[in-house]
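Participant: Below is the structure I would like to discuss, written out as structure tokens.
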Amino acid sequence: MSTDTRGGDVWAPIAEHLSRIEDDGFSGLVRVTRGPDVLFESCHGLADRAAGLPVHPGTRFAVASLCKMFTAAGVLDAVRRGALSLTRPVVDILPPELRPTTLDPGVTVHHLLTHTSGIADYFEEDEDLPDYQEDYEALWTDLPAYRVRRPADFLPLFADLPAIQPPGVSCRYSNAGYLLLGLVLEQVSGTDFVTAVTERVLGPVGMAASGYFAVDEVHPDLAVGYLRPQEDGMPWRSNIYAMPPVGGADGGAYCTAADIERFLRNMAAGELLGPELREAMLTQQVMFDEDKAAGWGMGYGVYVNTVKGVFLHDGGDPGVESLGRLNYRTDTTIVVLANVEGFVDDLTGPLIDVLDGG
């Protein structure tokens, strides 16, 4: 299913591309908007392969690390309310049992938000580091995933690991850093992370269809994440043994595409955070050395290109891919959600080309 409010064949190449990759196993949704207008929306494949349930605009997809943006917004909201300071050391917020034993006293909330804390990650994604891990599913060999339901449950995976570097040296993407932000948010809000973000971010933004739904609970319209067959002739597998049962501070919320668009537009307008913290969130706090020429850097919980007027975050887990992107100069958004892997990167470039040229 697709809609194109501009008419003509401007989106025909994208529709053809989506049709081709659906034949190769793609299932998911693409939504492109300009202001209040939906320029293109296209649903493909099955949200539940066993039940034969198709993807539709209201399908709620797991978005993996895309929802680090929600964690960052929750932390910045706490700053706005005066419950937290960006320069406050994390050791002054978290008691010893809720922080790594190797945590540098100089690590601040700012460092965690910008991936510059230098702490070791529980799942290292940097191929240049010796602790690089390729298979997220392998994490749960010794620690059953079903026991990992709150940020503190991840601590055994990284609490005693030595730091990679001192705080503030450079940006190194850190899932563990965002788990610590989840613990910080729990401390300053006096409630669990999911409740804090739902009440302070998802609710005020109007993301009524989205949330941190546990896979061992019955909720409608949740897309099942799928892993390709391990060998020819074998069945597809769900990702229920490859992921914790409920999302948290470093990723794992379930969202509709329309709700992600609402979040992006709210952050761009500064409605939740106010103008000062909106500016802080969407400012390049750290530039990426390899991408300086292209203008990319790290804001608070988002990748930012101030040259292009773009901010975004993507996500990837076993059986999950996502992208949420807003260009505040052209007032356009792109949201891509999938309950399979291996397709979103190839879709993003053509979508941007058509949108910028339309």
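Note on naming: chains are A, B, ... as they come in the structure tokens, residues start from 1 per chain, ligands start from 1 in the order shown.
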Using the chain letters and numbers from this document, which residues of range 113-342 of chain A does DSSP assign to alpha helix (DSSP H), as a VMD selection string?

Facilitator: chain A and resid 113 175 to 189 193 to 197 203 to 205 257 to 269 274 to 281

Participant: How about saving the chosen residues, N, CA and C atoms kept, as a short mmCIF file (atom, residue, chain, number, x, y, z; two decimals), in the first residue's frame?

Facilitator:
```cif
data_model
loop_
_atom_site.label_atom_id
_atom_site.label_comp_id
_atom_site.auth_asym_id
_atom_site.auth_seq_id
_atom_site.Cartn_x
_atom_site.Cartn_y
_atom_site.Cartn_z
N LEU A 113 25.51 11.60 27.34
CA LEU A 113 24.61 11.99 26.24
C LEU A 113 25.33 12.04 24.90
N ASN A 175 26.33 1.98 24.15
CA ASN A 175 25.04 1.54 24.68
C ASN A 175 25.05 1.59 26.20
N ALA A 176 26.18 1.22 26.81
CA ALA A 176 26.28 1.24 28.27
C ALA A 176 26.10 2.64 28.82
N GLY A 177 26.60 3.63 28.11
CA GLY A 177 26.43 5.01 28.55
C GLY A 177 24.97 5.40 28.66
N TYR A 178 24.16 4.92 27.73
CA TYR A 178 22.74 5.24 27.78
C TYR A 178 22.00 4.43 28.84
N LEU A 179 22.51 3.25 29.15
CA LEU A 179 21.95 2.52 30.29
C LEU A 179 22.19 3.29 31.58
N LEU A 180 23.37 3.90 31.71
CA LEU A 180 23.64 4.72 32.89
C LEU A 180 22.72 5.94 32.91
N LEU A 181 22.42 6.51 31.75
CA LEU A 181 21.46 7.61 31.70
C LEU A 181 20.08 7.15 32.18
N GLY A 182 19.72 5.91 31.83
CA GLY A 182 18.46 5.37 32.34
C GLY A 182 18.46 5.29 33.84
N LEU A 183 19.59 4.87 34.42
CA LEU A 183 19.70 4.80 35.88
C LEU A 183 19.67 6.20 36.49
N VAL A 184 20.33 7.15 35.83
CA VAL A 184 20.28 8.55 36.30
C VAL A 184 18.85 9.05 36.31
N LEU A 185 18.12 8.77 35.23
CA LEU A 185 16.73 9.24 35.14
C LEU A 185 15.87 8.60 36.22
N GLU A 186 16.12 7.34 36.52
CA GLU A 186 15.38 6.68 37.60
C GLU A 186 15.66 7.36 38.94
N GLN A 187 16.92 7.72 39.17
CA GLN A 187 17.29 8.35 40.44
C GLN A 187 16.64 9.71 40.63
N VAL A 188 16.64 10.53 39.58
CA VAL A 188 16.13 11.90 39.75
C VAL A 188 14.62 11.98 39.61
N SER A 189 13.99 10.94 39.03
CA SER A 189 12.53 10.96 38.87
C SER A 189 11.82 10.16 39.95
N PHE A 193 12.54 3.54 34.77
CA PHE A 193 12.84 4.24 33.52
C PHE A 193 11.64 4.31 32.59
N VAL A 194 10.98 3.18 32.37
CA VAL A 194 9.85 3.15 31.43
C VAL A 194 8.76 4.14 31.84
N THR A 195 8.43 4.15 33.11
CA THR A 195 7.40 5.09 33.58
C THR A 195 7.86 6.53 33.40
N ALA A 196 9.13 6.81 33.72
CA ALA A 196 9.64 8.17 33.60
C ALA A 196 9.57 8.67 32.16
N VAL A 197 10.01 7.85 31.20
CA VAL A 197 10.02 8.29 29.81
C VAL A 197 8.61 8.34 29.24
N GLY A 203 4.13 10.62 26.44
CA GLY A 203 2.82 11.21 26.68
C GLY A 203 2.72 12.65 26.24
N PRO A 204 3.59 13.54 26.73
CA PRO A 204 3.51 14.95 26.32
C PRO A 204 3.69 15.18 24.83
N VAL A 205 4.49 14.33 24.18
CA VAL A 205 4.71 14.50 22.74
C VAL A 205 3.51 14.03 21.92
N ALA A 257 5.20 4.68 12.84
CA ALA A 257 5.93 5.68 12.07
C ALA A 257 5.40 7.08 12.34
N ALA A 258 4.08 7.21 12.47
CA ALA A 258 3.50 8.52 12.73
C ALA A 258 3.95 9.07 14.07
N ASP A 259 4.11 8.21 15.08
CA ASP A 259 4.57 8.67 16.38
C ASP A 259 6.02 9.13 16.34
N ILE A 260 6.85 8.45 15.57
CA ILE A 260 8.24 8.90 15.44
C ILE A 260 8.28 10.26 14.76
N GLU A 261 7.45 10.46 13.75
CA GLU A 261 7.37 11.77 13.13
C GLU A 261 6.96 12.83 14.16
N ARG A 262 5.99 12.51 15.00
CA ARG A 262 5.56 13.46 16.03
C ARG A 262 6.72 13.84 16.95
N PHE A 263 7.50 12.84 17.34
CA PHE A 263 8.64 13.11 18.20
C PHE A 263 9.65 14.02 17.51
N LEU A 264 10.01 13.70 16.28
CA LEU A 264 10.98 14.50 15.55
C LEU A 264 10.53 15.95 15.43
N ARG A 265 9.29 16.15 15.10
CA ARG A 265 8.77 17.51 14.92
C ARG A 265 8.71 18.24 16.26
N ASN A 266 8.38 17.53 17.32
CA ASN A 266 8.34 18.16 18.64
C ASN A 266 9.73 18.62 19.06
N MET A 267 10.74 17.79 18.84
CA MET A 267 12.10 18.19 19.18
C MET A 267 12.55 19.38 18.34
N ALA A 268 12.23 19.37 17.05
CA ALA A 268 12.63 20.47 16.18
C ALA A 268 11.99 21.78 16.59
N ALA A 269 10.77 21.72 17.08
CA ALA A 269 10.04 22.93 17.49
C ALA A 269 10.37 23.36 18.91
N GLY A 274 11.73 23.31 25.32
CA GLY A 274 11.96 24.75 25.33
C GLY A 274 13.11 25.11 24.40
N PRO A 275 13.23 26.40 24.04
CA PRO A 275 14.20 26.81 23.01
C PRO A 275 15.66 26.56 23.39
N GLU A 276 16.03 26.77 24.66
CA GLU A 276 17.43 26.64 25.05
C GLU A 276 17.91 25.19 24.96
N LEU A 277 17.13 24.27 25.51
CA LEU A 277 17.54 22.87 25.47
C LEU A 277 17.30 22.24 24.11
N ARG A 278 16.33 22.78 23.37
CA ARG A 278 16.18 22.34 21.98
C ARG A 278 17.45 22.65 21.22
N GLU A 279 17.99 23.86 21.42
CA GLU A 279 19.22 24.26 20.75
C GLU A 279 20.38 23.38 21.18
N ALA A 280 20.44 23.06 22.47
CA ALA A 280 21.53 22.21 22.96
C ALA A 280 21.45 20.81 22.36
N MET A 281 20.23 20.26 22.29
CA MET A 281 20.06 18.92 21.75
C MET A 281 20.49 18.84 20.29
#
```

Participant: Residues at most 9 Å from range 347-351 of chain A, counting only C-alpha atoms, excluding those fewer than 4 positions away in the same chain, as a PyMOL selection string?

Facilitator: chain A and resi 11+13-14+17-18+32+323+334+336+343+355-356

Participant: Once you have the residues from the selection above, write them out as a CSV table (one decimal), in the first residue's frame, restricted to N, CA and C atoms.

Facilitator:
```csv
chain,number,residue,atom,x,y,z
A,11,TRP,N,7.7,9.3,-7.0
A,11,TRP,CA,8.0,8.3,-6.0
A,11,TRP,C,8.1,6.9,-6.7
A,13,PRO,N,10.3,5.3,-8.5
A,13,PRO,CA,11.5,4.5,-8.3
A,13,PRO,C,11.6,3.9,-6.9
A,14,ILE,N,11.1,4.7,-5.9
A,14,ILE,CA,11.1,4.1,-4.5
A,14,ILE,C,10.1,3.0,-4.4
A,17,HIS,N,11.7,0.0,-6.0
A,17,HIS,CA,12.7,-0.6,-5.2
A,17,HIS,C,12.1,-1.4,-4.0
A,18,LEU,N,11.1,-0.8,-3.4
A,18,LEU,CA,10.4,-1.5,-2.3
A,18,LEU,C,9.8,-2.8,-2.8
A,32,VAL,N,7.1,9.3,4.5
A,32,VAL,CA,7.8,10.6,4.2
A,32,VAL,C,6.8,11.7,4.3
A,323,LEU,N,15.0,4.0,11.1
A,323,LEU,CA,15.5,5.3,10.9
A,323,LEU,C,14.5,6.4,11.1
A,334,ILE,N,11.7,11.6,7.3
A,334,ILE,CA,11.7,10.3,6.7
A,334,ILE,C,11.7,9.3,7.9
A,336,VAL,N,11.7,5.1,8.5
A,336,VAL,CA,11.8,3.7,7.9
A,336,VAL,C,11.8,2.7,9.0
A,343,PHE,N,18.1,-3.9,5.0
A,343,PHE,CA,17.5,-3.2,4.0
A,343,PHE,C,17.5,-1.6,4.1
A,355,LEU,N,13.4,13.0,-2.1
A,355,LEU,CA,12.9,14.1,-1.3
A,355,LEU,C,13.5,15.4,-1.5
A,356,ASP,N,14.8,15.4,-1.6
A,356,ASP,CA,15.6,16.7,-1.8
A,356,ASP,C,15.4,17.2,-3.3
```

Participant: I need the residue nearest Pro54 in chain A from this list: A:Pro229, A:Ala83, A:Ile119, A:Asn339. Use only C-alpha atoms for the distance.

Facilitator: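 Checking each of A:Pro229, A:Ala83, A:Ile119, A:Asn339 against Pro54 in chain A, counting only C-alpha atoms, the winner is A:Asn339.
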
Participant: Given only C-alpha atoms as the basis, pick out the residue of A:Thr87, A:Thr33, A:Ser42, A:Ser65 nearest to Leu312 in chain A.

Facilitator: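 Among the listed residues, the smallest separation from Leu312 in chain A belongs to A:Ser65.
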
Participant: Neighbours of range 69-71 of chain A within 7 Å (only C-alpha atoms; same-chain residues fewer than 4 positions away dropped), as a list of chain:residue names?

Facilitator: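 The contact residues come out as A:Val75, A:Gly182, A:Val197, A:Val201, A:Ala249, A:Gly301, A:Val302.
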
Participant: List the spatial neighbours of His219 in chain A as a compact mmCIF listing (two decimals) with C-alpha atoms, in the first residue's frame - criterion: any atom at most 12 Å away, only C-alpha atoms, same-chain residues fewer than 3 positions off excluded.

Facilitator:
```txt
# COMPACT_ATOMS: atom_id res chain seq x y z
CA THR A 59 1.89 -1.43 13.07
CA ARG A 60 4.21 -0.83 16.01
CA ALA A 209 0.49 4.33 20.22
CA SER A 210 4.12 3.84 21.29
CA GLY A 211 5.71 2.34 24.38
CA TYR A 212 8.12 -0.12 25.94
CA PHE A 213 6.01 -3.23 25.50
CA ALA A 214 7.25 -6.54 26.87
CA VAL A 215 7.22 -9.39 24.36
CA ASP A 216 5.93 -11.80 27.00
CA LEU A 222 3.43 -5.39 17.49
CA ALA A 223 5.65 -6.48 14.62
CA VAL A 224 7.63 -9.63 15.37
CA TYR A 254 7.88 -0.09 19.93
```

Participant: For CA of Leu94 in chain A and CA of Val109 in chain A, determine how far apart the two atoms are, in Å to one decimal place.

Facilitator: 11.3 Å

Participant: So the first atom is CA of Val90 in chain A and the second is CA of Met287 in chain A; what is the distance between them in Å, to one decimal place?

Facilitator: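 Result for CA of Val90 in chain A versus CA of Met287 in chain A: 23.0 Å, one decimal.
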
Participant: Of the residues A:Ala15, A:Val307, A:Leu39, A:Ala50, which is the one nearest to Pro235 in chain A, using only C-alpha atoms?

Facilitator: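 Among A:Ala15, A:Val307, A:Leu39, A:Ala50, it is A:Ala50 that comes nearest to Pro235 in chain A.
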
Participant: Using only C-alpha atoms, can you tell me which of A:Met243, A:Leu46, A:Val107, A:Ile21 comes closest to Pro144 in chain A?

Facilitator: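 Going through A:Met243, A:Leu46, A:Val107, A:Ile21 one by one, the smallest distance to Pro144 in chain A is for A:Met243.
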
Participant: As a list of chain:residue names, please: every residue in range 96-282 of chain A that DSSP puts in strand (DSSP E or B).

Facilitator: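 Restricting range 96-282 of chain A to strand (DSSP E or B) produces A:Thr108, A:Glu124, A:Tyr132, A:Gly211, A:Leu222, A:Tyr226, A:Leu227, A:Arg237, A:Ser238, A:Gly248, A:Gly251, A:Tyr254, A:Cys255.
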
Participant: What's around range 127-137 of chain A at 8 Å? Count only C-alpha atoms, leave out sequence neighbours fewer than 6 positions away in its own chain, and write the answer as a ChimeraX atom specification.

Facilitator: /A:241-243,317-318

Participant: Between CA of Met298 in chain A and CA of Gly28 in chain A, what is the distance, to one decimal in Å?

Facilitator: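 Here the two named atoms are 27.5 Å from each other.
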
Participant: Please provide as a PyMOL selection string all residues within 12 Å of Gly342 in chain A, with the sequence filter that same-chain residues fewer than 5 positions apart are discarded (counting only C-alpha atoms).

Facilitator: chain A and resi 21-22+24-28+226-228+315-322+337+347-348

Participant: Would you please work out which residue, of A:Val344, A:Val10, A:Ala163, A:Cys171, is nearest to Pro100 in chain A when using only C-alpha atoms?

Facilitator: A:Ala163

Participant: Find, counting only C-alpha atoms, the residue in A:Val218, A:Leu272, A:Ala159, A:Ala51 that gets nearest to Asp77 in chain A.

Facilitator: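 Nearest to Asp77 in chain A: A:Leu272.
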